[in-house]
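What follows is a single structure, written as structure tokens, with notes after it.
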Protein chains: 6
Amino acid sequence: MRDVGTLLEALPYIREFHGRTVVIKYGGAAMEDPALCEEFARDVVLLKYVGLNPIVVHGGGPEITAYMERLGLPVRFVSGLRVSDQDTVEVAKMVLVGKVNKDIVLRLSRHGQPAVGLCGDDGSLFRAARRAAPDGEDIGFVGRIEHVNVDVLEHVASDYIPVIASVGADAEGRSYNVNADEAAGSVAAAMGAYKLLFLTDVPGWLRDPGDPASLIAQAGVEEVESAMTQIDGGMAPKLQACVDALQAGVGAAHILDGRVAHSLLLELFTDAGIGTKIEASA
Amino acid sequence: MRDVGTLLEALPYIREFHGRTVVIKYGGAAMEDPALCEEFARDVVLLKYVGLNPIVVHGGGPEITAYMERLGLPVRFVSGLRVSDQDTVEVAKMVLVGKVNKDIVLRLSRHGQPAVGLCGDDGSLFRAARRAAPDGEDIGFVGRIEHVNVDVLEHVASDYIPVIASVGADAEGRSYNVNADEAAGSVAAAMGAYKLLFLTDVPGWLRDPGDPASLIAQAGVEEVESAMTQIDGGMAPKLQACVDALQAGVGAAHILDGRVAHSLLLELFTDAGIGTKIEASA
Amino acid sequence: MRDVGTLLEALPYIREFHGRTVVIKYGGAAMEDPALCEEFARDVVLLKYVGLNPIVVHGGGPEITAYMERLGLPVRFVSGLRVSDQDTVEVAKMVLVGKVNKDIVLRLSRHGQPAVGLCGDDGSLFRAARRAAPDGEDIGFVGRIEHVNVDVLEHVASDYIPVIASVGADAEGRSYNVNADEAAGSVAAAMGAYKLLFLTDVPGWLRDPGDPASLIAQAGVEEVESAMTQIDGGMAPKLQACVDALQAGVGAAHILDGRVAHSLLLELFTDAGIGTKIEASA
Amino acid sequence: MRDVGTLLEALPYIREFHGRTVVIKYGGAAMEDPALCEEFARDVVLLKYVGLNPIVVHGGGPEITAYMERLGLPVRFVSGLRVSDQDTVEVAKMVLVGKVNKDIVLRLSRHGQPAVGLCGDDGSLFRAARRAAPDGEDIGFVGRIEHVNVDVLEHVASDYIPVIASVGADAEGRSYNVNADEAAGSVAAAMGAYKLLFLTDVPGWLRDPGDPASLIAQAGVEEVESAMTQIDGGMAPKLQACVDALQAGVGAAHILDGRVAHSLLLELFTDAGIGTKIEASA
Amino acid sequence: MRDVGTLLEALPYIREFHGRTVVIKYGGAAMEDPALCEEFARDVVLLKYVGLNPIVVHGGGPEITAYMERLGLPVRFVSGLRVSDQDTVEVAKMVLVGKVNKDIVLRLSRHGQPAVGLCGDDGSLFRAARRAAPDGEDIGFVGRIEHVNVDVLEHVASDYIPVIASVGADAEGRSYNVNADEAAGSVAAAMGAYKLLFLTDVPGWLRDPGDPASLIAQAGVEEVESAMTQIDGGMAPKLQACVDALQAGVGAAHILDGRVAHSLLLELFTDAGIGTKIEASA
Amino acid sequence: MRDVGTLLEALPYIREFHGRTVVIKYGGAAMEDPALCEEFARDVVLLKYVGLNPIVVHGGGPEITAYMERLGLPVRFVSGLRVSDQDTVEVAKMVLVGKVNKDIVLRLSRHGQPAVGLCGDDGSLFRAARRAAPDGEDIGFVGRIEHVNVDVLEHVASDYIPVIASVGADAEGRSYNVNADEAAGSVAAAMGAYKLLFLTDVPGWLRDPGDPASLIAQAGVEEVESAMTQIDGGMAPKLQACVDALQAGVGAAHILDGRVAHSLLLELFTDAGIGTKIEASA
């Protein structure tokens, strides 16, 4: 590098974000493509070094499905939610906590900032409850987060980058699959995060999902809420999590294109304005 | 309970152990029998409440083997060590970290003391290295612990009960199976533990493995070392871990019968003298 | 001890009381019988070890009377209050602070938890004022507690078991006899204690003082208040202290039989339900 | 006061003593004459306010004797040591701890700095042992201090002025009379005090006890040691305590005339050079 | 010094002021006469030693004027305010910050308490704004203090005596001359000082400036306010600063005669009642 | 900015420097050219934000000379040292402390990190002593630094960027001009800095001062020392300061070209290898 000027262009953003908590929902291509994985780890480590307090929340659907299939277990979704009998939850939890989570932890540590993996069970981070079945169909152990206990998170975040796998148990100790988008939103809300960022496989919130040119660059909570019924697919839980987090006081939420290298840094440290930004009032 | 006298009989032991770290290798029947599992959790929670600093280290061989078989993967051991190709390590790690570890964490939390699960990757707790192959045979990703980074352990232990799954990675991020007995010994040594306790499926160290009456109640390090070549089976790594920990300054090591309910409390809080006690000098 | 099960039966209670302050009014047989004295000291030391914050408040009437008689001083009571000229207060203070208090301090220390003796003068713990004379008769330097300065108590309690002799001085430095039951209640109220426990020489609050079978196992504050006019003897100041403490926010108050060994532990760590329990609402 | 110049003359001394511990053996006229008592309390409170860390150690022989006589107990001394059967020790302890100590505590508190009274039992401050009998005669429970546990002293001194009564118990809990001069020396040595000051009823160490003009203004430890055999009366234990404290690293020891008002302040805050100053090397 | 009694006469005042912040406006003869300078430094160092938290605020008009004249720059005042073009501000700042301030800092340090000099720029202590021109005339860069940022002051004051030169800059970084009386008042208000003291060259507030016998010993804020229009010369900004500080919660303000040695100590540590005392209500 | 890649190229350097102290000698064109001044301030603020601990040390020769001339004072140098009578020192101190220093402080604060200006007098940072006269000629109050008191520096640096003007006083309070290169070296040595960086008006250390192509990119301490006699002009004190600092344990020293924008960042955050790097061993 000969041109340090770009470092200085980041200065106003570094100043703004210093000491702030940002919750990053990690998933999609950025979690599957090995090169993007590496870049993501470097990005997050850089955030920690320049004084932010990043918290990573992840799911891991494709890897779960792959193991389900290797084990000959049926894979079925209802309204985008994985139908989860006890066997499914056990496999999902193993894959998320024992494989996906630790891969992220190892990668962050190798780039210079030790991370600690957590799931909803650790320090009683999440108290989950069984989710009402959509359309009355029983989808099993699919949970929603009733409560986030931030004690363990703040304890860990003071020295390490927390990496959270989205599984949790109820008061009786029964484990549940929890949607990672929702988990990220709940964590951001509980921590009073400055920003909530979703890494996705689309350019952002598209008015017409088939047309990248229909990207909505900026929207207010009301706008998102009034559009919710027309939205389907994976974008719905993300937008819902944005709405919930913003209403709980989170500063802003972003839907970013995780297929673009460093979309995280581009959003945070430049005025490029990539993806969709959602604020409490548009 | 009408008879609180037994509480007071524990007083001299509570006094002795107050503020001390005890590392407990958890495994065998105590980890498989549901009733014993519950009792174990209550015992450890009680230890924390009365002022000790318990650290639980666990393996999970049978559960790993069960999943290997469900996945149609070959299960093979050489000299008691699981031959581990990359697929095997991945499955072992998922089972240990994502299932066995969280079961323990949940159970401890439910009894009133929040626990946090860790593996060697979290906070760079373990740096592992490939183990020399026994008899020159390649057994794959089976590691030994080169270094224990106690920072994360002390950080977590100040507020939570740490529960450690015995897997670790090397400097390049390659994961290894690590023998849990050895891991417990390394953790005890690094933490300068007061006691190292092994929960096993035998009454203790038996002079004649087939004869429970041949229990050795007490032994010195030299005695164990000189007997090492004649010992085989699962007792060997335990005794080796005892020797290593004692030589690193751990106060005493115990081989206990985990099939007996509350053997942990019986050893710590009574003068019953169950199992085998090994000290630096006999 | 072979049966550690009793330890575990105490677990739910240890969990409940962890970190809580309990104020114990010590007196009667438990303070006179040498064997009961030893058991009391062990009980209190155990409470400290398992994470409670015990504070002992004591009087010492019989020992004061004994010294008064040896010195040829008149011993007289009006409505249960010791008529106290300046000579009497001096003797009482010497006996309580210099003898009874230090005996308790030494005994607790010998059982493994260092204690520090305090009286109302130390760190200006109590500010006393002359008590209105009952029936218009002048009873001299008998005081009530106007203010408890918890600074010194919290400072000492962070590392030691505080043992408090119930004497105090007014703003001009004049010393007063203070009823120990009242002192215990004031300390419990000022510290926001979880429980206030009275060790007495009766089974509890008896509807008919002559009939042990008339024990009232449980009562509410209102019930106690409406019965106060009919109560006399030593039970009156105890019940009044209970009422005052409960109205100031103390969790519960107990009248226990100090002649029963370990009544303290039985009350706290079992569901035996001995003595009388008084709560804000019955 | 119109002349604040004297305040400024004290400045070099205040600067020198800031943050330093000074141990003051309090006794004699300064503890008996009511006016001197008040002046002493004001002096010590001033020391605390200007940044020193004063610790008061006291005996109380005359008050003990008076109570002994009121109780009809025999009063006898051998080589200046009070012959002490168990009854004597009990009375002495009551008088010292319950009367003399609290009088000092109250007076200091009234002048604006809360004090906390301690005896050797509190926080296990002193561990005493039976003193060898002089001339083979059994003098009973007269002790010497084997160990000073400074924990409680430092804990109390951080917020309060500690006032120490010179009684202590052995490991079995038996109480002993301890010479207050010796106690002051032991405390100064254990705390690494900057100065040890004795308030006496003489102008200082006199070469000829009958001749005030024979005052030795300054002396080295060797000089004192070589003169020890010729010294008798109350000066001997004071000089011995000075020697012991200086050899343990205390900066200087002073024998002051407590009958002179403010001799403490005159010594510390002026260059008047009153009394006798003893240093490690003359 | 033979007479330590004067030390004790100060005790009630030391007790009252312990831990309190006093802001001292330093100027006039006390800052020009070398002997008075030395005495002032000793006084302030003594205040720090006896537990007060002194903050010194100073101007330096005569020294500024002298340098202005040496540089051949015009010196002009309008309504007592120095007409300040950019050159004037630069010279004034250099003289105040680089000469007057450091002279005070060095003198305090030499008397035993290290001081740290600050101006409005350090730690963004002052945010200034251009002052409205009196009588419509442009007087240039003469500022008033919009905001005092106490962070740096509290940080420095925890270990050092802060010495503040009365210059400050606006948000764009333009520097201004700030009246030192006003600065002292603003600092006292922002710090919630216990007292604000002005060292002047007059005996206090005089009803008739020509008649020292017309000294007003005590006044209430209302009295000062209603008299403000009749007051002119240097007394006006001082009285205005007193009013502002008292209305912001400062305990009391004093106009003292800095030509009298130790007027600071006389006011604080005696009941001499020199100068004028102004309180919130007379 | 569209290209955040450059941010990530800085990551290895940010990682290396995290928590490290770097001392920057600021001077020359970078302190005179307004645009370079702004860039310098942004660079230093960025260093603070990304976790370094920058300390700025500055002189200000040209501004001093300009004021000397305006005041009609003689300007004379002997062996590169300013001949300094008392008048000269006073002017130099005013200019450095009251003008140059505060300009830097204001500029840093405006870019988002509050700075605090210090000179050798503040918190007794420097103890200076008169420098031996070169060639026997009396050059007046030119000092060298005998001692750096890091207390005030560490106190200030914990929350602010310290900016140090190179003047200091001796134990008697006489002020001296101190060479800023030497001051920077002394500060780096006392703080155990990781790096010492000189911003100069040349490309680095040139073998032939007239030939920019003769730049020495890297050198060891021995090499510099053996070349010292041949070096003259402003480079000599810089190289001497490098040698002194390196011998006191500073990690590396750099001579940079301050005329190049961001030479500081280029050196620290790229592998460009600009200027001259001097290490303990070449």
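Please note that chains go A, B, ... in the order of the structure tokens, that every chain numbers its residues from 1, and that ligands are numbered from 1 in the order shown.
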Proximity check chain E to chain F, 9 Å, nearest pairs one decimal Å, only C-alpha atoms, as a Markdown table:
| residue | atom | partner | partner_atom | distance |
| --- | --- | --- | --- | --- |
| E:Tyr67 | CA | F:Leu71 | CA | 8.8 |
| E:Arg70 | CA | F:Leu71 | CA | 6.3 |
| E:Leu71 | CA | F:Leu71 | CA | 5.5 |
| E:Gly72 | CA | F:Leu71 | CA | 8.6 |
| E:Glu90 | CA | F:Lys99 | CA | 7.0 |
| E:Val91 | CA | F:Lys99 | CA | 8.5 |
| E:Ala92 | CA | F:Gly98 | CA | 8.8 |
| E:Lys93 | CA | F:Gly98 | CA | 5.7 |
| E:Met94 | CA | F:Gly98 | CA | 3.9 |
| E:Val95 | CA | F:Met94 | CA | 5.9 |
| E:Leu96 | CA | F:Gly98 | CA | 7.3 |
| E:Val97 | CA | F:Gly98 | CA | 4.8 |
| E:Gly98 | CA | F:Met94 | CA | 3.9 |
| E:Lys99 | CA | F:Met94 | CA | 5.7 |
| E:Lys102 | CA | F:Asp121 | CA | 6.6 |
| E:Asp103 | CA | F:Gly173 | CA | 8.7 |
| E:Val105 | CA | F:Asp122 | CA | 6.6 |
| E:Leu106 | CA | F:Asp121 | CA | 5.9 |
| E:Arg107 | CA | F:Gly173 | CA | 7.5 |
| E:Ser109 | CA | F:Ser124 | CA | 7.0 |
| E:Arg110 | CA | F:Gly173 | CA | 7.5 |
| E:Gln113 | CA | F:Gly123 | CA | 8.7 |
| E:Pro114 | CA | F:Gly123 | CA | 4.9 |
| E:Ala115 | CA | F:Gly123 | CA | 5.3 |
| E:Val116 | CA | F:Asp122 | CA | 4.5 |
| E:Gly117 | CA | F:Asp122 | CA | 6.1 |
| E:Leu118 | CA | F:Gly117 | CA | 7.6 |
| E:Cys119 | CA | F:Lys102 | CA | 8.6 |
| E:Asp121 | CA | F:Leu106 | CA | 6.0 |
| E:Asp122 | CA | F:Val116 | CA | 4.5 |
| E:Gly123 | CA | F:Pro114 | CA | 4.9 |
| E:Ser124 | CA | F:Pro114 | CA | 6.4 |
| E:Val152 | CA | F:Val116 | CA | 8.5 |
| E:His155 | CA | F:Val156 | CA | 8.0 |
| E:Val156 | CA | F:Val156 | CA | 7.7 |
| E:Asp159 | CA | F:His155 | CA | 8.7 |
| E:Tyr160 | CA | F:Gly123 | CA | 7.1 |
| E:Ile161 | CA | F:Gly123 | CA | 9.0 |
| E:Ala169 | CA | F:Leu106 | CA | 8.2 |
| E:Ala171 | CA | F:Arg110 | CA | 7.8 |
| E:Glu172 | CA | F:Arg110 | CA | 7.9 |
| E:Gly173 | CA | F:Leu106 | CA | 6.3 |
Task: Selection: 12 Å around Glu222 in chain F, only C-alpha atoms, excl. self and same-chain fewer than 2 positions, as JSON, numbers by chain - done: {"F": [219, 220, 224, 225, 226, 227, 228, 239, 240, 242, 243, 244, 246, 247, 278, 279, 280, 281, 282]}
Would you mind exporting the chosen residues as a PDB file, in the first residue's frame, restricted to C-alpha atoms?
ATOM      1  CA  ALA F 219      21.189   1.212  10.118  1.00  0.00           C
ATOM      2  CA  GLY F 220      22.255  -0.289  13.408  1.00  0.00           C
ATOM      3  CA  VAL F 224      25.282   5.425  13.707  1.00  0.00           C
ATOM      4  CA  GLU F 225      27.635   5.803  16.637  1.00  0.00           C
ATOM      5  CA  SER F 226      30.739   5.297  14.563  1.00  0.00           C
ATOM      6  CA  ALA F 227      29.507   7.861  12.033  1.00  0.00           C
ATOM      7  CA  MET F 228      28.549  10.494  14.618  1.00  0.00           C
ATOM      8  CA  LEU F 239      20.771  10.620  15.493  1.00  0.00           C
ATOM      9  CA  GLN F 240      22.169  11.041  19.002  1.00  0.00           C
ATOM     10  CA  CYS F 242      17.988   7.753  18.382  1.00  0.00           C
ATOM     11  CA  VAL F 243      21.108   6.130  19.788  1.00  0.00           C
ATOM     12  CA  ASP F 244      20.238   7.107  23.363  1.00  0.00           C
ATOM     13  CA  LEU F 246      17.599   2.606  21.446  1.00  0.00           C
ATOM     14  CA  GLN F 247      20.203   1.940  24.095  1.00  0.00           C
ATOM     15  CA  ILE F 278      17.585   2.565  13.070  1.00  0.00           C
ATOM     16  CA  GLU F 279      17.507  -0.494  15.271  1.00  0.00           C
ATOM     17  CA  ALA F 280      19.485  -1.744  18.233  1.00  0.00           C
ATOM     18  CA  SER F 281      21.307  -4.137  15.927  1.00  0.00           C
ATOM     19  CA  ALA F 282      21.316  -3.442  12.217  1.00  0.00           C
TER      20      ALA F 282
END
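Selecting strand (DSSP E or B) from the backbone DSSP output for range 17-125 of chain A yields Thr21, Val22, Val23, Ile24, Lys25, Tyr26, Asn53, Pro54, Ile55, Val56, Val57, His58, Phe77, Val78, Leu81, Arg82, Ser84, Ala115, Val116, Gly117, Leu118 and Cys119 of chain A.
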For the selection you just gave me, I'd like the residues written to a file as an mmCIF file, in the first residue's frame, keeping N, CA, C and O atoms.
data_model
loop_
_atom_site.group_PDB
_atom_site.id
_atom_site.type_symbol
_atom_site.label_atom_id
_atom_site.label_comp_id
_atom_site.auth_asym_id
_atom_site.auth_seq_id
_atom_site.Cartn_x
_atom_site.Cartn_y
_atom_site.Cartn_z
ATOM 1 N N THR A 21 -21.364 -0.890 19.925
ATOM 2 C CA THR A 21 -21.624 -2.303 19.665
ATOM 3 C C THR A 21 -22.319 -2.457 18.315
ATOM 4 O O THR A 21 -23.308 -1.776 18.049
ATOM 5 N N VAL A 22 -21.787 -3.322 17.455
ATOM 6 C CA VAL A 22 -22.477 -3.646 16.203
ATOM 7 C C VAL A 22 -22.718 -5.150 16.175
ATOM 8 O O VAL A 22 -21.822 -5.947 16.432
ATOM 9 N N VAL A 23 -23.940 -5.530 15.907
ATOM 10 C CA VAL A 23 -24.296 -6.950 15.830
ATOM 11 C C VAL A 23 -24.368 -7.325 14.359
ATOM 12 O O VAL A 23 -25.054 -6.669 13.576
ATOM 13 N N ILE A 24 -23.648 -8.371 13.991
ATOM 14 C CA ILE A 24 -23.552 -8.785 12.597
ATOM 15 C C ILE A 24 -24.177 -10.157 12.438
ATOM 16 O O ILE A 24 -23.691 -11.132 13.010
ATOM 17 N N LYS A 25 -25.246 -10.243 11.669
ATOM 18 C CA LYS A 25 -25.796 -11.543 11.309
ATOM 19 C C LYS A 25 -24.977 -12.051 10.140
ATOM 20 O O LYS A 25 -24.952 -11.451 9.070
ATOM 21 N N TYR A 26 -24.315 -13.183 10.366
ATOM 22 C CA TYR A 26 -23.390 -13.752 9.389
ATOM 23 C C TYR A 26 -24.045 -14.965 8.755
ATOM 24 O O TYR A 26 -24.583 -15.819 9.474
ATOM 25 N N ASN A 53 -17.130 -2.789 18.984
ATOM 26 C CA ASN A 53 -17.423 -3.960 19.775
ATOM 27 C C ASN A 53 -18.325 -4.879 18.948
ATOM 28 O O ASN A 53 -19.539 -4.866 19.098
ATOM 29 N N PRO A 54 -17.724 -5.661 18.018
ATOM 30 C CA PRO A 54 -18.556 -6.483 17.138
ATOM 31 C C PRO A 54 -19.029 -7.769 17.812
ATOM 32 O O PRO A 54 -18.283 -8.398 18.562
ATOM 33 N N ILE A 55 -20.266 -8.139 17.551
ATOM 34 C CA ILE A 55 -20.835 -9.410 18.013
ATOM 35 C C ILE A 55 -21.362 -10.136 16.777
ATOM 36 O O ILE A 55 -22.156 -9.563 16.023
ATOM 37 N N VAL A 56 -20.911 -11.357 16.586
ATOM 38 C CA VAL A 56 -21.324 -12.125 15.410
ATOM 39 C C VAL A 56 -22.407 -13.124 15.806
ATOM 40 O O VAL A 56 -22.242 -13.847 16.796
ATOM 41 N N VAL A 57 -23.505 -13.139 15.051
ATOM 42 C CA VAL A 57 -24.555 -14.139 15.254
ATOM 43 C C VAL A 57 -24.701 -14.913 13.947
ATOM 44 O O VAL A 57 -24.727 -14.311 12.875
ATOM 45 N N HIS A 58 -24.764 -16.234 14.032
ATOM 46 C CA HIS A 58 -24.819 -17.012 12.799
ATOM 47 C C HIS A 58 -25.802 -18.161 12.895
ATOM 48 O O HIS A 58 -26.103 -18.650 13.993
ATOM 49 N N PHE A 77 -39.420 -28.112 5.326
ATOM 50 C CA PHE A 77 -39.630 -26.736 5.800
ATOM 51 C C PHE A 77 -41.102 -26.377 5.679
ATOM 52 O O PHE A 77 -41.768 -26.778 4.731
ATOM 53 N N VAL A 78 -41.599 -25.624 6.627
ATOM 54 C CA VAL A 78 -42.945 -25.064 6.535
ATOM 55 C C VAL A 78 -42.817 -23.548 6.732
ATOM 56 O O VAL A 78 -42.267 -23.105 7.756
ATOM 57 N N LEU A 81 -39.551 -22.341 7.896
ATOM 58 C CA LEU A 81 -39.041 -22.840 9.172
ATOM 59 C C LEU A 81 -38.785 -24.330 9.068
ATOM 60 O O LEU A 81 -39.617 -25.081 8.547
ATOM 61 N N ARG A 82 -37.650 -24.780 9.557
ATOM 62 C CA ARG A 82 -37.282 -26.184 9.479
ATOM 63 C C ARG A 82 -38.129 -26.982 10.451
ATOM 64 O O ARG A 82 -38.120 -26.704 11.655
ATOM 65 N N SER A 84 -38.733 -29.566 12.950
ATOM 66 C CA SER A 84 -37.658 -30.031 13.822
ATOM 67 C C SER A 84 -38.149 -30.985 14.887
ATOM 68 O O SER A 84 -38.673 -30.574 15.917
ATOM 69 N N ALA A 115 -11.564 -14.996 19.913
ATOM 70 C CA ALA A 115 -13.022 -14.997 19.976
ATOM 71 C C ALA A 115 -13.471 -16.105 20.917
ATOM 72 O O ALA A 115 -12.714 -17.034 21.211
ATOM 73 N N VAL A 116 -14.687 -15.991 21.412
ATOM 74 C CA VAL A 116 -15.264 -17.048 22.244
ATOM 75 C C VAL A 116 -16.643 -17.367 21.676
ATOM 76 O O VAL A 116 -17.467 -16.468 21.478
ATOM 77 N N GLY A 117 -16.865 -18.657 21.404
ATOM 78 C CA GLY A 117 -18.144 -19.085 20.879
ATOM 79 C C GLY A 117 -19.149 -19.296 21.994
ATOM 80 O O GLY A 117 -18.811 -19.825 23.051
ATOM 81 N N LEU A 118 -20.362 -18.876 21.759
ATOM 82 C CA LEU A 118 -21.436 -19.063 22.733
ATOM 83 C C LEU A 118 -22.656 -19.602 22.004
ATOM 84 O O LEU A 118 -22.840 -19.321 20.818
ATOM 85 N N CYS A 119 -23.483 -20.372 22.710
ATOM 86 C CA CYS A 119 -24.817 -20.606 22.187
ATOM 87 C C CYS A 119 -25.790 -20.169 23.287
ATOM 88 O O CYS A 119 -25.369 -19.700 24.349
#
Task: E:Leu8, E:Val202, E:Ile145, E:Ala165 ranked by distance to Glu38 in chain D, top pick (using only C-alpha atoms) - done: E:Leu8
- [ ] Skip Arg207 in chain F itself and residues of its chain fewer than 5 positions away, then list as a PyMOL selection string all residues within 12 Å of it, counting only C-alpha atoms.
- [x] chain F and resi 212-219+223-224+227-228+230-232+235+276
Open item on the list: I need the residues in range 8-205 of chain D that are helix (DSSP H, G or I) according to DSSP; give them as an MDAnalysis selection string.
Closed with: chainID D and resid 8:9 11:17 29:32 34:49 61:70 86:110 122:124 134:136 150:157 180:191
Open item on the list: If we count only C-alpha atoms and set the cut-off at 12 Å, which residues sit around Gly258 in chain D, ignoring sequence neighbours fewer than 5 positions away in its own chain? Please answer as a PyMOL selection string.
Closed with: chain D and resi 24-33+35-37+39-40+197-204+263-267+274-275
Go ahead and save the residues from that selection, with N, CA and C atoms, as a short mmCIF file (atom, residue, chain, number, x, y, z; two decimals), in the first residue's frame.
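Full text of result-v9.cif as output:
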data_model
loop_
_atom_site.label_atom_id
_atom_site.label_comp_id
_atom_site.auth_asym_id
_atom_site.auth_seq_id
_atom_site.Cartn_x
_atom_site.Cartn_y
_atom_site.Cartn_z
N ILE D 24 1.12 5.25 68.17
CA ILE D 24 1.19 6.04 69.38
C ILE D 24 0.80 5.19 70.58
N LYS D 25 1.73 4.97 71.49
CA LYS D 25 1.41 4.30 72.75
C LYS D 25 0.84 5.37 73.67
N TYR D 26 -0.42 5.17 74.02
CA TYR D 26 -1.15 6.16 74.81
C TYR D 26 -1.27 5.66 76.23
N GLY D 27 -0.95 6.50 77.21
CA GLY D 27 -1.04 6.08 78.60
C GLY D 27 -0.65 7.21 79.53
N GLY D 28 -0.63 6.90 80.82
CA GLY D 28 -0.20 7.88 81.82
C GLY D 28 -1.17 9.03 81.98
N ALA D 29 -0.62 10.18 82.36
CA ALA D 29 -1.44 11.36 82.65
C ALA D 29 -2.31 11.73 81.45
N ALA D 30 -1.75 11.59 80.24
CA ALA D 30 -2.50 11.97 79.05
C ALA D 30 -3.79 11.17 78.90
N MET D 31 -3.85 10.01 79.59
CA MET D 31 -5.04 9.18 79.51
C MET D 31 -5.91 9.33 80.76
N GLU D 32 -5.39 10.03 81.75
CA GLU D 32 -6.14 10.16 83.00
C GLU D 32 -6.71 11.55 83.22
N ASP D 33 -5.92 12.55 82.88
CA ASP D 33 -6.39 13.93 83.07
C ASP D 33 -7.42 14.27 81.99
N ALA D 35 -8.66 16.95 80.76
CA ALA D 35 -8.30 17.98 79.78
C ALA D 35 -7.27 17.44 78.79
N LEU D 36 -6.29 16.70 79.31
CA LEU D 36 -5.27 16.13 78.41
C LEU D 36 -5.90 15.10 77.47
N CYS D 37 -6.89 14.36 77.98
CA CYS D 37 -7.59 13.38 77.14
C CYS D 37 -8.20 14.06 75.93
N GLU D 39 -7.37 16.95 74.62
CA GLU D 39 -6.32 17.48 73.74
C GLU D 39 -5.70 16.37 72.90
N PHE D 40 -5.50 15.21 73.55
CA PHE D 40 -4.94 14.07 72.82
C PHE D 40 -5.85 13.70 71.64
N LEU D 197 5.70 6.40 68.91
CA LEU D 197 5.74 7.47 69.91
C LEU D 197 5.14 7.00 71.22
N PHE D 198 5.89 7.20 72.34
CA PHE D 198 5.37 6.82 73.65
C PHE D 198 5.01 8.07 74.45
N LEU D 199 3.75 8.15 74.89
CA LEU D 199 3.35 9.23 75.78
C LEU D 199 3.54 8.75 77.21
N THR D 200 4.46 9.39 77.95
CA THR D 200 4.78 8.93 79.31
C THR D 200 4.56 10.05 80.33
N ASP D 201 4.90 9.75 81.57
CA ASP D 201 4.76 10.77 82.62
C ASP D 201 6.10 11.34 83.05
N VAL D 202 7.09 11.18 82.18
CA VAL D 202 8.43 11.75 82.45
C VAL D 202 8.86 12.55 81.23
N PRO D 203 9.88 13.39 81.39
CA PRO D 203 10.27 14.25 80.25
C PRO D 203 10.92 13.48 79.10
N GLY D 204 11.26 12.20 79.35
CA GLY D 204 11.94 11.41 78.33
C GLY D 204 12.81 10.39 79.03
N SER D 263 2.19 17.37 73.25
CA SER D 263 3.58 16.95 73.03
C SER D 263 3.68 16.19 71.70
N LEU D 264 2.59 15.53 71.32
CA LEU D 264 2.55 14.77 70.06
C LEU D 264 2.77 15.72 68.88
N LEU D 265 1.99 16.77 68.83
CA LEU D 265 2.11 17.72 67.72
C LEU D 265 3.43 18.46 67.77
N LEU D 266 3.87 18.79 69.00
CA LEU D 266 5.15 19.51 69.12
C LEU D 266 6.27 18.66 68.54
N GLU D 267 6.23 17.36 68.84
CA GLU D 267 7.27 16.49 68.32
C GLU D 267 7.16 16.35 66.80
N ILE D 274 11.53 17.87 71.59
CA ILE D 274 11.21 17.54 72.99
C ILE D 274 11.41 16.04 73.20
N GLY D 275 11.58 15.64 74.42
CA GLY D 275 11.71 14.23 74.77
C GLY D 275 12.97 13.61 74.20
#
Open item on the list: Between CA of Gly273 in chain C and CA of Leu52 in chain C, what distance in Å does the model show, to one decimal?
Closed with: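 A separation of 19.6 Å between them.
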